[in-house]
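> The structure follows.
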Amino acid sequence: MNRIIGIDFGRKRTGLAASDPLMVFASALDTVHSANIIDYLQKYAQNETIIRFVVGYPMNLDNTPSEAARDVDAFLNLLKKKFPDIPVTLEDERFTSVLAHRAMIDGGMKKSDRRDKASVDKISAAIILQSYLDRPDAIKE
C-alpha cells in the first residue's frame, strides 16, 4: 500500500510517522537512532510502497534555517541518494515539539512517560506529516 513517511530528523534520534493508505491521517510509527535511519527505511520499503518523504525542516522565527538545518541538509543528501525515485517535501517543523507535548498531555499520558524523548520525536513526526496532509495543495500520489 502507498504511504507517505514523515520524518523528524535529529542528531541522535529520528522520529517517524506514516500516512494511512488513503493519505488522510498520520500515525506515529517509530523512533530510531539516526545512524540507523536509512537501514530502517529500506526495510520498511520492502513491505510498503513509500511514495513521498515529508521531512521536518528546522527554521528560526525569522524564517531562516536554524543551526540544526545543517544536520538535516546532510540527511537530505543521503536520503535522496538512497531513494532517488521518491520525492522529498520539506515541512516547517517549528513548534512541533511543543505541540507533541501538548498532544501527550491532552491524551492523558503520565508525566513520567512524557519525559521519553523517543515518544516526543515520533509524535513530532506525525504532526509534521499531518500538517502536510492537511494542506489542500499537498501532492498525494
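Ordering of the C-alpha cells sets the chain letters (A, B, ...); residue numbers start at 1 within each chain; ligands are numbered from 1 in the order shown.
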Counting only C-alpha atoms, what is within 8 Å of stretch 33-46 of chain A, bar same-chain residues fewer than 4 positions away, as a ChimeraX atom specification?

/A:9-14,50,79,82

> Would you put the residues from that selection into a file with N, CA and C atoms, as a PDB file, in the first residue's frame?


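Once written, result08.pdb looks like this:
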ATOM      1  N   PHE A   9      13.983  14.501  11.811  1.00  0.00           N
ATOM      2  CA  PHE A   9      15.380  14.090  11.934  1.00  0.00           C
ATOM      3  C   PHE A   9      16.070  14.862  13.051  1.00  0.00           C
ATOM      4  N   GLY A  10      16.833  14.142  13.846  1.00  0.00           N
ATOM      5  CA  GLY A  10      17.636  14.750  14.891  1.00  0.00           C
ATOM      6  C   GLY A  10      19.026  14.140  14.882  1.00  0.00           C
ATOM      7  N   ARG A  11      19.935  14.792  15.505  1.00  0.00           N
ATOM      8  CA  ARG A  11      21.319  14.323  15.531  1.00  0.00           C
ATOM      9  C   ARG A  11      21.438  12.931  16.157  1.00  0.00           C
ATOM     10  N   LYS A  12      20.648  12.672  17.219  1.00  0.00           N
ATOM     11  CA  LYS A  12      20.710  11.378  17.906  1.00  0.00           C
ATOM     12  C   LYS A  12      19.575  10.443  17.502  1.00  0.00           C
ATOM     13  N   ARG A  13      18.351  10.971  17.514  1.00  0.00           N
ATOM     14  CA  ARG A  13      17.168  10.153  17.253  1.00  0.00           C
ATOM     15  C   ARG A  13      16.355  10.773  16.121  1.00  0.00           C
ATOM     16  N   THR A  14      15.642   9.899  15.406  1.00  0.00           N
ATOM     17  CA  THR A  14      14.758  10.355  14.345  1.00  0.00           C
ATOM     18  C   THR A  14      13.379   9.760  14.562  1.00  0.00           C
ATOM     19  N   ILE A  50       6.595   3.440  -0.404  1.00  0.00           N
ATOM     20  CA  ILE A  50       6.771   4.832   0.020  1.00  0.00           C
ATOM     21  C   ILE A  50       6.695   5.695  -1.226  1.00  0.00           C
ATOM     22  N   LEU A  79      19.380  10.775   1.982  1.00  0.00           N
ATOM     23  CA  LEU A  79      18.050  10.250   1.669  1.00  0.00           C
ATOM     24  C   LEU A  79      17.814  10.251   0.157  1.00  0.00           C
ATOM     25  N   LYS A  82      19.953   7.514  -1.507  1.00  0.00           N
ATOM     26  CA  LYS A  82      19.497   6.139  -1.272  1.00  0.00           C
ATOM     27  C   LYS A  82      18.109   5.859  -1.857  1.00  0.00           C
TER      28      LYS A  82
END

> To test your reading of the structure, identify every residue in stretch 3-67 of chain A that backbone DSSP assigns to strand (DSSP E or B), and report it as a PyMOL selection string.

chain A and resi 3-8+13-19+26-33+49-57+59+65

> For a test of reading the model, state the distance in Å between atom CA of A:Leu29 and atom CA of A:Lys122, rounded to one decimal.

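Those two atoms sit 6.5 Å apart.
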
> Would you mind telling me which residue in A:Gly56, A:Asn47, A:Ala69, A:Val24 lies nearest to A:Ala125 when using only C-alpha atoms?

A:Gly56

> Name all residues at most 9 Å from stretch 20-23 of chain A (count only C-alpha atoms; drop same-chain ones fewer than 3 positions away) and give them as a ChimeraX atom specification.

/A:1-4,26-27,133,140

> Just C-alpha atoms for this one: save the residues we selected as a CSV table (one decimal), in the first residue's frame.


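Resulting contents of out09.csv:
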chain,number,residue,atom,x,y,z
A,1,MET,CA,0.0,0.0,0.0
A,2,ASN,CA,1.1,3.5,-0.7
A,3,ARG,CA,2.4,5.5,2.2
A,4,ILE,CA,3.9,9.0,2.8
A,26,ALA,CA,-0.7,10.5,10.0
A,27,SER,CA,0.2,8.0,12.7
A,133,LEU,CA,-1.5,16.0,4.6
A,140,LYS,CA,-0.6,12.7,-2.6
